[in-house]
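Trainee: Dropping in work08.cif, which is mmCIF, C-alpha atoms and all ligand atoms:
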```cif
data_upload
#
loop_
_atom_site.group_PDB
_atom_site.id
_atom_site.type_symbol
_atom_site.label_atom_id
_atom_site.label_comp_id
_atom_site.auth_asym_id
_atom_site.auth_seq_id
_atom_site.Cartn_x
_atom_site.Cartn_y
_atom_site.Cartn_z
ATOM 1 C CA MET A 1 -36.126 26.233 84.980
ATOM 2 C CA ARG A 2 -39.041 24.093 86.170
ATOM 3 C CA LEU A 3 -37.633 21.011 84.421
ATOM 4 C CA GLU A 4 -34.039 21.132 85.658
ATOM 5 C CA GLY A 5 -32.752 17.567 85.989
ATOM 6 C CA LYS A 6 -35.647 16.057 84.019
ATOM 7 C CA ARG A 7 -35.191 13.844 80.966
ATOM 8 C CA ALA A 8 -37.820 14.110 78.241
ATOM 9 C CA VAL A 9 -38.783 12.407 74.991
ATOM 10 C CA VAL A 10 -40.810 14.282 72.366
ATOM 11 C CA THR A 11 -42.135 12.279 69.420
ATOM 12 C CA GLY A 12 -42.552 14.120 66.131
ATOM 13 C CA GLY A 13 -40.320 16.859 67.487
ATOM 14 C CA ALA A 14 -38.585 17.789 64.238
ATOM 15 C CA GLN A 15 -41.055 20.490 63.247
ATOM 16 C CA GLY A 16 -44.261 22.291 64.131
ATOM 17 C CA ILE A 17 -45.779 21.864 67.575
ATOM 18 C CA GLY A 18 -43.367 19.076 68.533
ATOM 19 C CA GLN A 19 -40.328 21.216 67.797
ATOM 20 C CA ALA A 20 -41.770 24.079 69.838
ATOM 21 C CA ILE A 21 -42.410 21.636 72.691
ATOM 22 C CA ALA A 22 -38.877 20.241 72.523
ATOM 23 C CA ARG A 23 -37.372 23.732 72.584
ATOM 24 C CA ARG A 24 -39.620 24.858 75.431
ATOM 25 C CA LEU A 25 -38.658 21.827 77.539
ATOM 26 C CA VAL A 26 -34.995 22.600 76.838
ATOM 27 C CA ASP A 27 -35.533 26.245 77.845
ATOM 28 C CA GLU A 28 -37.036 25.005 81.112
ATOM 29 C CA GLY A 29 -33.927 22.929 81.888
ATOM 30 C CA ALA A 30 -34.726 19.412 80.601
ATOM 31 C CA ARG A 31 -32.507 17.142 78.526
ATOM 32 C CA VAL A 32 -34.607 16.309 75.502
ATOM 33 C CA ALA A 33 -34.621 13.493 72.965
ATOM 34 C CA VAL A 34 -36.452 14.265 69.748
ATOM 35 C CA LEU A 35 -37.803 11.220 67.912
ATOM 36 C CA ASP A 36 -38.829 11.711 64.302
ATOM 37 C CA ARG A 37 -38.905 9.942 60.969
ATOM 38 C CA THR A 38 -35.325 10.723 60.014
ATOM 39 C CA GLU A 39 -32.280 11.132 62.211
ATOM 40 C CA GLU A 40 -31.239 14.206 60.258
ATOM 41 C CA ALA A 41 -34.514 16.021 60.955
ATOM 42 C CA ALA A 42 -34.606 14.851 64.571
ATOM 43 C CA ARG A 43 -31.046 16.035 65.209
ATOM 44 C CA ALA A 44 -31.653 19.386 63.508
ATOM 45 C CA ALA A 45 -34.464 20.255 65.930
ATOM 46 C CA LEU A 46 -32.184 20.990 68.881
ATOM 47 C CA GLN A 47 -28.793 22.635 68.786
ATOM 48 C CA ASP A 48 -26.734 21.029 71.532
ATOM 49 C CA GLN A 49 -26.435 17.398 70.407
ATOM 50 C CA GLU A 50 -23.981 16.682 73.216
ATOM 51 C CA ARG A 51 -26.694 17.328 75.789
ATOM 52 C CA HIS A 52 -29.772 16.469 73.693
ATOM 53 C CA LEU A 53 -30.549 13.691 71.232
ATOM 54 C CA GLY A 54 -32.147 13.292 67.827
ATOM 55 C CA ILE A 55 -33.161 9.737 66.950
ATOM 56 C CA ALA A 56 -34.839 8.223 63.903
ATOM 57 C CA CYS A 57 -38.071 6.498 64.904
ATOM 58 C CA ASP A 58 -41.311 5.485 63.251
ATOM 59 C CA VAL A 59 -43.847 5.712 66.070
ATOM 60 C CA SER A 60 -46.267 3.420 64.240
ATOM 61 C CA ASP A 61 -43.733 0.580 64.608
ATOM 62 C CA SER A 62 -43.385 -0.618 68.206
ATOM 63 C CA THR A 63 -39.974 -2.187 67.534
ATOM 64 C CA SER A 64 -38.685 1.160 66.317
ATOM 65 C CA VAL A 65 -40.199 2.943 69.345
ATOM 66 C CA ASP A 66 -38.755 0.476 71.855
ATOM 67 C CA ALA A 67 -35.312 0.739 70.258
ATOM 68 C CA ALA A 68 -35.407 4.545 70.346
ATOM 69 C CA PHE A 69 -36.505 4.644 73.994
ATOM 70 C CA ALA A 70 -33.758 2.174 74.915
ATOM 71 C CA LYS A 71 -31.207 4.552 73.344
ATOM 72 C CA VAL A 72 -32.630 7.497 75.280
ATOM 73 C CA ALA A 73 -32.673 5.611 78.593
ATOM 74 C CA ALA A 74 -29.078 4.499 78.049
ATOM 75 C CA ALA A 75 -27.890 8.014 77.192
ATOM 76 C CA PHE A 76 -29.902 9.933 79.795
ATOM 77 C CA GLY A 77 -30.043 7.294 82.563
ATOM 78 C CA GLY A 78 -33.858 7.368 82.606
ATOM 79 C CA ILE A 79 -36.957 9.088 81.250
ATOM 80 C CA ASP A 80 -39.166 11.382 83.344
ATOM 81 C CA ILE A 81 -41.352 13.015 80.691
ATOM 82 C CA VAL A 82 -42.870 11.644 77.484
ATOM 83 C CA VAL A 83 -44.714 13.876 75.034
ATOM 84 C CA CYS A 84 -46.623 11.838 72.459
ATOM 85 C CA ASN A 85 -46.957 14.423 69.733
ATOM 86 C CA ALA A 86 -46.238 12.729 66.369
ATOM 87 C CA GLY A 87 -49.300 12.904 64.178
ATOM 88 C CA ILE A 88 -50.500 12.932 60.596
ATOM 89 C CA GLY A 89 -53.713 14.152 59.032
ATOM 90 C CA ARG A 90 -53.797 12.117 55.843
ATOM 91 C CA GLY A 91 -53.203 8.611 54.590
ATOM 92 C CA PRO A 92 -53.237 6.997 51.126
ATOM 93 C CA ASP A 93 -56.603 6.960 49.333
ATOM 94 C CA ASP A 94 -58.339 8.295 52.405
ATOM 95 C CA GLY A 95 -61.125 10.278 50.738
ATOM 96 C CA SER A 96 -59.741 13.656 51.906
ATOM 97 C CA ASP A 97 -59.866 15.134 48.399
ATOM 98 C CA GLN A 98 -63.465 14.020 47.951
ATOM 99 C CA MET A 99 -64.403 15.421 51.382
ATOM 100 C CA TYR A 100 -62.752 18.822 50.949
ATOM 101 C CA GLY A 101 -63.891 19.058 47.320
ATOM 102 C CA GLY A 102 -67.443 18.073 48.208
ATOM 103 C CA ALA A 103 -67.593 20.576 51.065
ATOM 104 C CA ALA A 104 -66.347 23.395 48.814
ATOM 105 C CA ARG A 105 -68.778 22.542 45.998
ATOM 106 C CA ARG A 106 -71.686 22.272 48.430
ATOM 107 C CA ALA A 107 -70.896 25.704 49.883
ATOM 108 C CA GLU A 108 -70.757 27.165 46.352
ATOM 109 C CA GLN A 109 -74.078 25.570 45.420
ATOM 110 C CA ILE A 110 -75.766 26.909 48.564
ATOM 111 C CA ALA A 111 -74.258 30.378 48.026
ATOM 112 C CA ALA A 112 -75.595 30.329 44.446
ATOM 113 C CA GLY A 113 -79.088 29.524 45.725
ATOM 114 C CA GLU A 114 -79.030 26.027 44.173
ATOM 115 C CA THR A 115 -80.312 22.861 45.792
ATOM 116 C CA PRO A 116 -77.037 21.249 46.914
ATOM 117 C CA THR A 117 -76.133 17.964 45.236
ATOM 118 C CA ALA A 118 -72.533 17.719 46.531
ATOM 119 C CA TYR A 119 -71.638 16.120 49.874
ATOM 120 C CA PRO A 120 -68.524 16.203 52.065
ATOM 121 C CA ASP A 121 -68.173 12.411 51.952
ATOM 122 C CA GLN A 122 -64.979 10.850 53.219
ATOM 123 C CA THR A 123 -65.873 7.513 54.813
ATOM 124 C CA ILE A 124 -67.375 5.958 51.673
ATOM 125 C CA HIS A 125 -64.111 6.733 49.839
ATOM 126 C CA MET A 126 -61.766 5.644 52.643
ATOM 127 C CA SER A 127 -59.341 2.785 51.914
ATOM 128 C CA ASP A 128 -58.231 0.370 54.616
ATOM 129 C CA ALA A 129 -54.666 1.619 54.134
ATOM 130 C CA GLY A 130 -55.705 5.269 54.591
ATOM 131 C CA TRP A 131 -57.566 4.464 57.800
ATOM 132 C CA ALA A 132 -54.732 2.307 59.164
ATOM 133 C CA ALA A 133 -52.047 4.886 58.377
ATOM 134 C CA VAL A 134 -53.606 7.650 60.475
ATOM 135 C CA LEU A 135 -54.675 5.391 63.336
ATOM 136 C CA GLY A 136 -51.251 3.725 63.197
ATOM 137 C CA VAL A 137 -49.307 6.950 63.729
ATOM 138 C CA ASN A 138 -51.714 8.985 65.849
ATOM 139 C CA LEU A 139 -53.156 6.362 68.189
ATOM 140 C CA ASN A 140 -50.925 3.288 68.041
ATOM 141 C CA GLY A 141 -47.881 5.566 67.949
ATOM 142 C CA ALA A 142 -48.963 7.436 71.076
ATOM 143 C CA PHE A 143 -49.668 4.161 72.851
ATOM 144 C CA TYR A 144 -46.298 2.650 71.905
ATOM 145 C CA ALA A 145 -44.417 5.737 73.098
ATOM 146 C CA ALA A 146 -46.415 6.024 76.317
ATOM 147 C CA ARG A 147 -45.852 2.313 77.005
ATOM 148 C CA ALA A 148 -42.125 2.527 76.377
ATOM 149 C CA GLY A 149 -41.855 5.544 78.685
ATOM 150 C CA LEU A 150 -43.951 3.859 81.373
ATOM 151 C CA ARG A 151 -41.744 0.776 81.334
ATOM 152 C CA ASP A 152 -38.761 2.942 82.186
ATOM 153 C CA MET A 153 -40.665 4.978 84.793
ATOM 154 C CA ALA A 154 -42.090 1.864 86.457
ATOM 155 C CA LYS A 155 -38.644 0.250 86.612
ATOM 156 C CA ARG A 156 -37.185 3.260 88.412
ATOM 157 C CA ASP A 157 -40.299 3.892 90.565
ATOM 158 C CA ALA A 158 -39.674 7.648 90.525
ATOM 159 C CA GLY A 159 -42.931 8.906 89.019
ATOM 160 C CA GLY A 160 -43.180 10.797 85.767
ATOM 161 C CA SER A 161 -45.399 12.752 83.434
ATOM 162 C CA ILE A 162 -46.885 11.775 80.087
ATOM 163 C CA VAL A 163 -48.530 14.353 77.864
ATOM 164 C CA LEU A 164 -50.558 13.244 74.856
ATOM 165 C CA ILE A 165 -51.328 15.644 72.037
ATOM 166 C CA ALA A 166 -54.957 15.202 71.040
ATOM 167 C CA SER A 167 -56.954 17.834 69.129
ATOM 168 C CA THR A 168 -60.007 20.015 69.503
ATOM 169 C CA SER A 169 -61.452 17.850 66.740
ATOM 170 C CA ALA A 170 -61.864 15.091 69.343
ATOM 171 C CA ALA A 171 -64.389 17.359 71.076
ATOM 172 C CA SER A 172 -66.005 18.964 68.027
ATOM 173 C CA GLY A 173 -66.040 15.937 65.702
ATOM 174 C CA GLU A 174 -64.899 18.219 62.886
ATOM 175 C CA GLY A 175 -62.132 17.016 60.595
ATOM 176 C CA PRO A 176 -61.098 13.897 58.688
ATOM 177 C CA ILE A 177 -62.833 10.844 60.140
ATOM 178 C CA HIS A 178 -59.678 8.806 60.824
ATOM 179 C CA TYR A 179 -58.054 11.847 62.440
ATOM 180 C CA VAL A 180 -61.053 12.659 64.663
ATOM 181 C CA THR A 181 -61.300 9.000 65.700
ATOM 182 C CA SER A 182 -57.601 8.801 66.535
ATOM 183 C CA LYS A 183 -57.736 11.953 68.639
ATOM 184 C CA ALA A 184 -60.839 10.813 70.530
ATOM 185 C CA GLY A 185 -58.892 7.619 71.214
ATOM 186 C CA ILE A 186 -56.046 9.704 72.614
ATOM 187 C CA VAL A 187 -58.431 11.234 75.155
ATOM 188 C CA GLY A 188 -59.541 7.752 76.219
ATOM 189 C CA LEU A 189 -55.900 6.695 76.477
ATOM 190 C CA ALA A 190 -55.069 9.690 78.680
ATOM 191 C CA ARG A 191 -58.004 9.097 80.981
ATOM 192 C CA GLY A 192 -57.622 5.330 81.272
ATOM 193 C CA LEU A 193 -53.866 5.437 81.700
ATOM 194 C CA SER A 194 -54.089 8.212 84.291
ATOM 195 C CA ARG A 195 -56.172 5.905 86.490
ATOM 196 C CA GLU A 196 -53.935 2.920 85.888
ATOM 197 C CA VAL A 197 -50.648 4.570 86.824
ATOM 198 C CA ALA A 198 -51.688 7.213 89.384
ATOM 199 C CA SER A 199 -50.620 5.011 92.310
ATOM 200 C CA ARG A 200 -47.115 4.987 90.802
ATOM 201 C CA GLY A 201 -47.004 8.793 90.946
ATOM 202 C CA ILE A 202 -47.132 8.997 87.167
ATOM 203 C CA ARG A 203 -49.452 11.629 85.702
ATOM 204 C CA VAL A 204 -51.033 11.380 82.249
ATOM 205 C CA ASN A 205 -52.747 14.330 80.594
ATOM 206 C CA ALA A 206 -53.811 15.453 77.133
ATOM 207 C CA VAL A 207 -53.737 18.778 75.337
ATOM 208 C CA HIS A 208 -56.314 19.811 72.742
ATOM 209 C CA PRO A 209 -54.599 22.229 70.373
ATOM 210 C CA GLY A 210 -56.951 24.284 68.242
ATOM 211 C CA PRO A 211 -55.891 25.194 64.695
ATOM 212 C CA THR A 212 -52.168 25.910 64.915
ATOM 213 C CA ASP A 213 -49.942 27.409 62.267
ATOM 214 C CA THR A 214 -47.716 24.435 61.351
ATOM 215 C CA PRO A 215 -46.889 22.394 58.205
ATOM 216 C CA ILE A 216 -49.705 19.878 58.932
ATOM 217 C CA MET A 217 -52.111 22.667 57.979
ATOM 218 C CA ALA A 218 -50.836 22.402 54.397
ATOM 219 C CA ASN A 219 -53.266 19.467 54.065
ATOM 220 C CA VAL A 220 -56.200 21.818 54.527
ATOM 221 C CA PRO A 221 -57.355 24.004 51.593
ATOM 222 C CA ASP A 222 -56.642 27.742 52.081
ATOM 223 C CA ALA A 223 -60.290 28.815 52.239
ATOM 224 C CA MET A 224 -61.050 26.204 54.880
ATOM 225 C CA ARG A 225 -57.979 27.207 56.897
ATOM 226 C CA ASP A 226 -59.172 30.825 56.940
ATOM 227 C CA GLN A 227 -62.626 29.678 58.026
ATOM 228 C CA MET A 228 -61.112 27.596 60.832
ATOM 229 C CA ALA A 229 -59.119 30.565 62.135
ATOM 230 C CA ALA A 230 -62.108 32.915 61.917
ATOM 231 C CA ALA A 231 -64.278 30.448 63.850
ATOM 232 C CA VAL A 232 -61.945 30.518 66.865
ATOM 233 C CA PRO A 233 -63.330 32.877 69.559
ATOM 234 C CA LEU A 234 -59.842 34.400 70.005
ATOM 235 C CA GLY A 235 -59.980 35.071 66.247
ATOM 236 C CA ARG A 236 -56.751 33.459 65.079
ATOM 237 C CA MET A 237 -54.721 30.277 64.871
ATOM 238 C CA ALA A 238 -52.356 29.364 67.676
ATOM 239 C CA ARG A 239 -48.599 29.696 67.411
ATOM 240 C CA PRO A 240 -46.841 26.374 68.154
ATOM 241 C CA GLU A 241 -45.147 28.040 71.157
ATOM 242 C CA GLU A 242 -48.557 28.627 72.728
ATOM 243 C CA ILE A 243 -49.296 24.895 72.652
ATOM 244 C CA ALA A 244 -45.806 24.141 73.966
ATOM 245 C CA ALA A 245 -46.452 26.352 77.005
ATOM 246 C CA SER A 246 -49.442 24.195 78.005
ATOM 247 C CA VAL A 247 -47.398 21.030 77.548
ATOM 248 C CA ALA A 248 -44.557 22.395 79.694
ATOM 249 C CA PHE A 249 -47.042 23.160 82.463
ATOM 250 C CA LEU A 250 -48.486 19.635 82.416
ATOM 251 C CA ALA A 251 -45.002 18.103 82.265
ATOM 252 C CA SER A 252 -43.826 20.106 85.261
ATOM 253 C CA ASP A 253 -44.458 19.817 88.985
ATOM 254 C CA ASP A 254 -46.679 22.904 88.709
ATOM 255 C CA ALA A 255 -49.259 20.373 87.530
ATOM 256 C CA SER A 256 -48.474 17.928 90.361
ATOM 257 C CA TYR A 257 -52.183 17.503 91.208
ATOM 258 C CA VAL A 258 -53.372 17.333 87.595
ATOM 259 C CA THR A 259 -53.880 13.945 85.972
ATOM 260 C CA GLY A 260 -56.416 12.549 83.513
ATOM 261 C CA ALA A 261 -57.129 16.101 82.376
ATOM 262 C CA VAL A 262 -57.651 17.504 78.918
ATOM 263 C CA LEU A 263 -56.263 21.024 78.633
ATOM 264 C CA ALA A 264 -57.984 22.919 75.828
ATOM 265 C CA ALA A 265 -55.372 25.216 74.268
ATOM 266 C CA ASN A 266 -57.803 26.123 71.513
ATOM 267 C CA GLY A 267 -58.654 29.805 71.777
ATOM 268 C CA GLY A 268 -62.040 29.000 73.318
ATOM 269 C CA SER A 269 -63.311 26.823 70.458
ATOM 270 C CA TYR A 270 -64.584 23.968 72.590
ATOM 271 C CA PHE A 271 -64.749 23.317 76.313
ATOM 272 C CA CYS A 272 -63.482 19.953 77.473
HETATM 273 N N1 LIG B 301 -51.458 22.052 63.690
HETATM 274 C C1 LIG B 301 -52.683 21.938 64.156
HETATM 275 O O1 LIG B 301 -53.577 22.734 63.836
HETATM 276 C C2 LIG B 301 -53.019 20.868 65.149
HETATM 277 C C3 LIG B 301 -54.249 20.953 65.816
HETATM 278 C C4 LIG B 301 -54.593 19.964 66.728
HETATM 279 C C5 LIG B 301 -53.710 18.932 66.979
HETATM 280 N N2 LIG B 301 -52.522 18.873 66.318
HETATM 281 C C6 LIG B 301 -51.650 17.748 66.623
HETATM 282 O O2 LIG B 301 -50.394 18.229 67.053
HETATM 283 C C7 LIG B 301 -49.381 17.280 66.701
HETATM 284 C C8 LIG B 301 -48.275 17.979 65.926
HETATM 285 O O3 LIG B 301 -48.860 18.526 64.758
HETATM 286 P P1 LIG B 301 -48.125 19.606 63.850
HETATM 287 O O4 LIG B 301 -49.167 20.548 63.424
HETATM 288 O O5 LIG B 301 -46.910 20.114 64.514
HETATM 289 O O6 LIG B 301 -47.764 18.662 62.596
HETATM 290 P P2 LIG B 301 -46.478 18.623 61.671
HETATM 291 O O7 LIG B 301 -46.863 17.854 60.469
HETATM 292 O O8 LIG B 301 -45.928 19.994 61.486
HETATM 293 O O9 LIG B 301 -45.438 17.789 62.550
HETATM 294 C C9 LIG B 301 -45.665 16.444 62.843
HETATM 295 C C10 LIG B 301 -44.335 15.784 63.134
HETATM 296 O O10 LIG B 301 -44.597 14.390 63.377
HETATM 297 C C11 LIG B 301 -43.631 13.645 62.648
HETATM 298 N N3 LIG B 301 -44.157 12.308 62.324
HETATM 299 C C12 LIG B 301 -45.168 12.001 61.495
HETATM 300 N N4 LIG B 301 -45.303 10.676 61.402
HETATM 301 C C13 LIG B 301 -44.357 10.136 62.196
HETATM 302 C C14 LIG B 301 -43.988 8.816 62.507
HETATM 303 N N5 LIG B 301 -44.602 7.752 61.953
HETATM 304 N N6 LIG B 301 -42.981 8.619 63.389
HETATM 305 C C15 LIG B 301 -42.335 9.671 63.931
HETATM 306 N N7 LIG B 301 -42.625 10.948 63.671
HETATM 307 C C16 LIG B 301 -43.628 11.171 62.801
HETATM 308 C C17 LIG B 301 -43.385 14.462 61.389
HETATM 309 O O11 LIG B 301 -42.193 14.078 60.720
HETATM 310 C C18 LIG B 301 -43.359 15.861 61.950
HETATM 311 O O12 LIG B 301 -42.080 16.233 62.415
HETATM 312 C C19 LIG B 301 -50.076 16.179 65.904
HETATM 313 O O13 LIG B 301 -50.402 15.103 66.762
HETATM 314 C C20 LIG B 301 -51.348 16.855 65.428
HETATM 315 O O14 LIG B 301 -52.378 15.955 65.179
HETATM 316 C C21 LIG B 301 -52.153 19.819 65.408
#
```
As structure tokens, how would this structure be written, given the file I've shared?

Mentor:
Amino acid sequence: MRLEGKRAVVTGGAQGIGQAIARRLVDEGARVAVLDRTEEAARAALQDQERHLGIACDVSDSTSVDAAFAKVAAAFGGIDIVVCNAGIGRGPDDGSDQMYGGAARRAEQIAAGETPTAYPDQTIHMSDAGWAAVLGVNLNGAFYAARAGLRDMAKRDAGGSIVLIASTSAASGEGPIHYVTSKAGIVGLARGLSREVASRGIRVNAVHPGPTDTPIMANVPDAMRDQMAAAVPLGRMARPEEIAASVAFLASDDASYVTGAVLAANGGSYFC
């Protein structure tokens, strides 16, 4: 019960890693508000809706984020922990099909002993809307949620902990270009913000999940998913609960001297 008495917000907590985080924080004693795209999904994530909250919120829209955080602060009396987890891997016309298709064809050509003529191009096919969608949710969304949490923490002057969910792709550079860029931005946000708010007793850290068995992985073709799992030194994908355990540590006072850090929960794939 490391988080007894703490009040937490988890964005994108309706499924996958975010849901595992929300449930882990509850198990450790926190009151938790899940923010997700629909109220129904957000409310379904946690059982006790007297004690916990599920709120509809689009993290890419700062008005929506501010309104959701205001509801949480009013219901809980304050916010001690913010987990910026909501993320997407694809946007409209973002060149993902061309990239994955090109990579698969190139591998086939090389395996057949042919001179490869296919390329895993994404950027040349990327639309402005595709780029903006992923940056809007993954990076702007994390910033808006962190900012809304900080405003409450600063007002109460009682410290706090912010955990940002980045990705191993920020270290490896592997993955869709908008996604990799957004996650590298998350690392910069964690580091810069940790410096800015340390004197307030607020800690800011990031977690790099490796490939984790969640619905977001449905975007990735089966063969590539198997390759990703096989390339992990521990030899498998993570379970969402394994990522949640790292987040709970960083959120708790067990990490009281840890700020600006990137915790690689990635089976040894990359060192941060
Ligand atoms: N699964 C992986 O292999 C993996 C690896 C590294 C990092 N991550 C990161 O972990 C986080 C969670 O990923 P996941 O695998 O659980 O994905 P997921 O798709 O299973 O869950 C993402 C959640 O975010 C919510 N969401 C999406 N857009 C939103 C928006 N605009 N506003 C509010 N909520 C929104 C979704 O509704 C969903 O509940 C993401 O930031 C992702 O980039 C995942």

Trainee: When you draw a straight line from atom CA of A:Ile81 to atom C7 of ligand LIG 301 (chain B), how long is it in Å?

Mentor: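 We find that atom CA of A:Ile81 and atom C7 of ligand LIG 301 (chain B) lie 16.7 Å from each other.
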
Trainee: Which residues are close to A:Gln15, i.e. within 12 Å by only C-alpha atoms, leaving aside same-chain residues fewer than 3 positions away? Reply as a PyMOL selection string.

Mentor: chain A and resi 10-12+18-23+34-38+41-46+85-87+213-216+240-241

Trainee: Output the residue selection produced by the PyMOL selection byres (((chain A and resi 198) around 12) and not hetatm) on the file above, formatted as a count of residues only.

Mentor: 27

Trainee: Here's the selection I'm unsure about, the PyMOL selection byres (((chain A and resi 132) around 12) and not hetatm); applied to the file above, which residues does it give, as a list of chain:residue names?

Mentor: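 What the PyMOL selection byres (((chain A and resi 132) around 12) and not hetatm) grabs from the file is A:Ser60, A:Ile88, A:Gly89, A:Arg90, A:Gly91, A:Pro92, A:Asp93, A:Asp94, A:Met126, A:Ser127, A:Asp128, A:Ala129, A:Gly130, A:Trp131, A:Ala133, A:Val134, A:Leu135, A:Gly136, A:Val137, A:Asn138, A:Leu139, A:Asn140, A:Gly141, A:Ile177, A:His178, A:Tyr179, A:Thr181, A:Ser182.
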
Trainee: Work out how far atom CA of A:Glu28 is from atom CA of A:Met237, in Å to one decimal.

Mentor: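 Here the two named atoms are 24.6 Å from each other.
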
Trainee: With distances taken over all atoms listed in the file, which residue among A:Ala104, A:Leu3, A:Phe271, A:Asp80 lies nearest A:Ser169?

Mentor: A:Phe271

Trainee: Do you know which residues the PyMOL selection byres (((chain A and resi 144) around 10) and not hetatm) returns on this file, as an mmCIF file with C-alpha atoms, in the frame of the given file?

Mentor:
```
data_model
loop_
_atom_site.group_PDB
_atom_site.id
_atom_site.type_symbol
_atom_site.label_atom_id
_atom_site.label_comp_id
_atom_site.auth_asym_id
_atom_site.auth_seq_id
_atom_site.Cartn_x
_atom_site.Cartn_y
_atom_site.Cartn_z
ATOM 1 C CA VAL A 59 -43.847 5.712 66.070
ATOM 2 C CA SER A 60 -46.267 3.420 64.240
ATOM 3 C CA ASP A 61 -43.733 0.580 64.608
ATOM 4 C CA SER A 62 -43.385 -0.618 68.206
ATOM 5 C CA THR A 63 -39.974 -2.187 67.534
ATOM 6 C CA SER A 64 -38.685 1.160 66.317
ATOM 7 C CA VAL A 65 -40.199 2.943 69.345
ATOM 8 C CA ASP A 66 -38.755 0.476 71.855
ATOM 9 C CA CYS A 84 -46.623 11.838 72.459
ATOM 10 C CA VAL A 137 -49.307 6.950 63.729
ATOM 11 C CA LEU A 139 -53.156 6.362 68.189
ATOM 12 C CA ASN A 140 -50.925 3.288 68.041
ATOM 13 C CA GLY A 141 -47.881 5.566 67.949
ATOM 14 C CA ALA A 142 -48.963 7.436 71.076
ATOM 15 C CA PHE A 143 -49.668 4.161 72.851
ATOM 16 C CA ALA A 145 -44.417 5.737 73.098
ATOM 17 C CA ALA A 146 -46.415 6.024 76.317
ATOM 18 C CA ARG A 147 -45.852 2.313 77.005
ATOM 19 C CA ALA A 148 -42.125 2.527 76.377
ATOM 20 C CA GLY A 149 -41.855 5.544 78.685
ATOM 21 C CA LEU A 150 -43.951 3.859 81.373
#
```

Trainee: Identify which of the residues A:Arg7, A:Arg236, A:Arg225, A:His208 lies closest to A:Leu164, counting only C-alpha atoms when measuring atom-to-atom distances.

Mentor: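 Going through A:Arg7, A:Arg236, A:Arg225, A:His208 one by one, the smallest distance to A:Leu164 is for A:His208.
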
Trainee: Take atom CA of A:Ile165 and atom CA of A:Ile55 and report the distance between them in Å, one decimal.

Mentor: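 Between atom CA of A:Ile165 and atom CA of A:Ile55 the gap works out to 19.8 Å.
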
Trainee: Calculate, to one decimal in Å, the centre and edge lengths of the box along x, y and z of the file that holds all listed atoms of ligand LIG 301 (chain B) with 4 Å of margin on each side, and present them as AutoDock Vina command-line options.

Mentor:
```
--center_x -48.3 --center_y 15.2 --center_z 63.8 --size_x 20.5 --size_y 23.0 --size_z 14.6
```

Trainee: Determine the nearest neighbour of A:Glu242 from the options A:Asn266, A:Tyr100, A:Met228, A:Leu53, counting only C-alpha atoms.

Mentor: A:Asn266

Trainee: May I ask which of the residues A:Gln109, A:Gln122, A:Ser252, A:Ser172 is the closest one to ligand LIG 301 (chain B), counting all atoms listed in the file?

Mentor: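 Going through A:Gln109, A:Gln122, A:Ser252, A:Ser172 one by one, the smallest distance to ligand LIG 301 (chain B) is for A:Ser172.
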
Trainee: Considering only C-alpha atoms and all ligand atoms, can you say which of A:Ala73, A:Val82, A:Ala170, A:Met153 comes closest to ligand LIG 301 (chain B)?

Mentor: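 Result for the nearest residue to ligand LIG 301 (chain B): A:Ala170.
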
Trainee: Point out the residue among A:Arg105, A:Arg239, A:Lys155, A:Arg24 with the least atom-to-atom distance to ligand LIG 301 (chain B), counting only C-alpha atoms and all ligand atoms.

Mentor: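 Between A:Arg105, A:Arg239, A:Lys155, A:Arg24, the residue approaching ligand LIG 301 (chain B) most closely is A:Arg239.
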
Trainee: Can you list, as a PyMOL selection string, every protein, DNA or RNA residue that comes within 12 Å of A:Ala223 when you count all atoms listed in the file, leaving out same-chain residues fewer than 4 positions away?

Mentor: chain A and resi 100-101+103-104+107+217-219+227-230

Trainee: Would you save the residues of that selection, restricted to C-alpha atoms, as a PDB file, in the frame of the given file?

Mentor:
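This is the output file out.pdb:
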```pdb
ATOM      1  CA  TYR A 100     -62.752  18.822  50.949  1.00  0.00           C
ATOM      2  CA  GLY A 101     -63.891  19.058  47.320  1.00  0.00           C
ATOM      3  CA  ALA A 103     -67.593  20.576  51.065  1.00  0.00           C
ATOM      4  CA  ALA A 104     -66.347  23.395  48.814  1.00  0.00           C
ATOM      5  CA  ALA A 107     -70.896  25.704  49.883  1.00  0.00           C
ATOM      6  CA  MET A 217     -52.111  22.667  57.979  1.00  0.00           C
ATOM      7  CA  ALA A 218     -50.836  22.402  54.397  1.00  0.00           C
ATOM      8  CA  ASN A 219     -53.266  19.467  54.065  1.00  0.00           C
ATOM      9  CA  GLN A 227     -62.626  29.678  58.026  1.00  0.00           C
ATOM     10  CA  MET A 228     -61.112  27.596  60.832  1.00  0.00           C
ATOM     11  CA  ALA A 229     -59.119  30.565  62.135  1.00  0.00           C
ATOM     12  CA  ALA A 230     -62.108  32.915  61.917  1.00  0.00           C
TER      13      ALA A 230
END
```
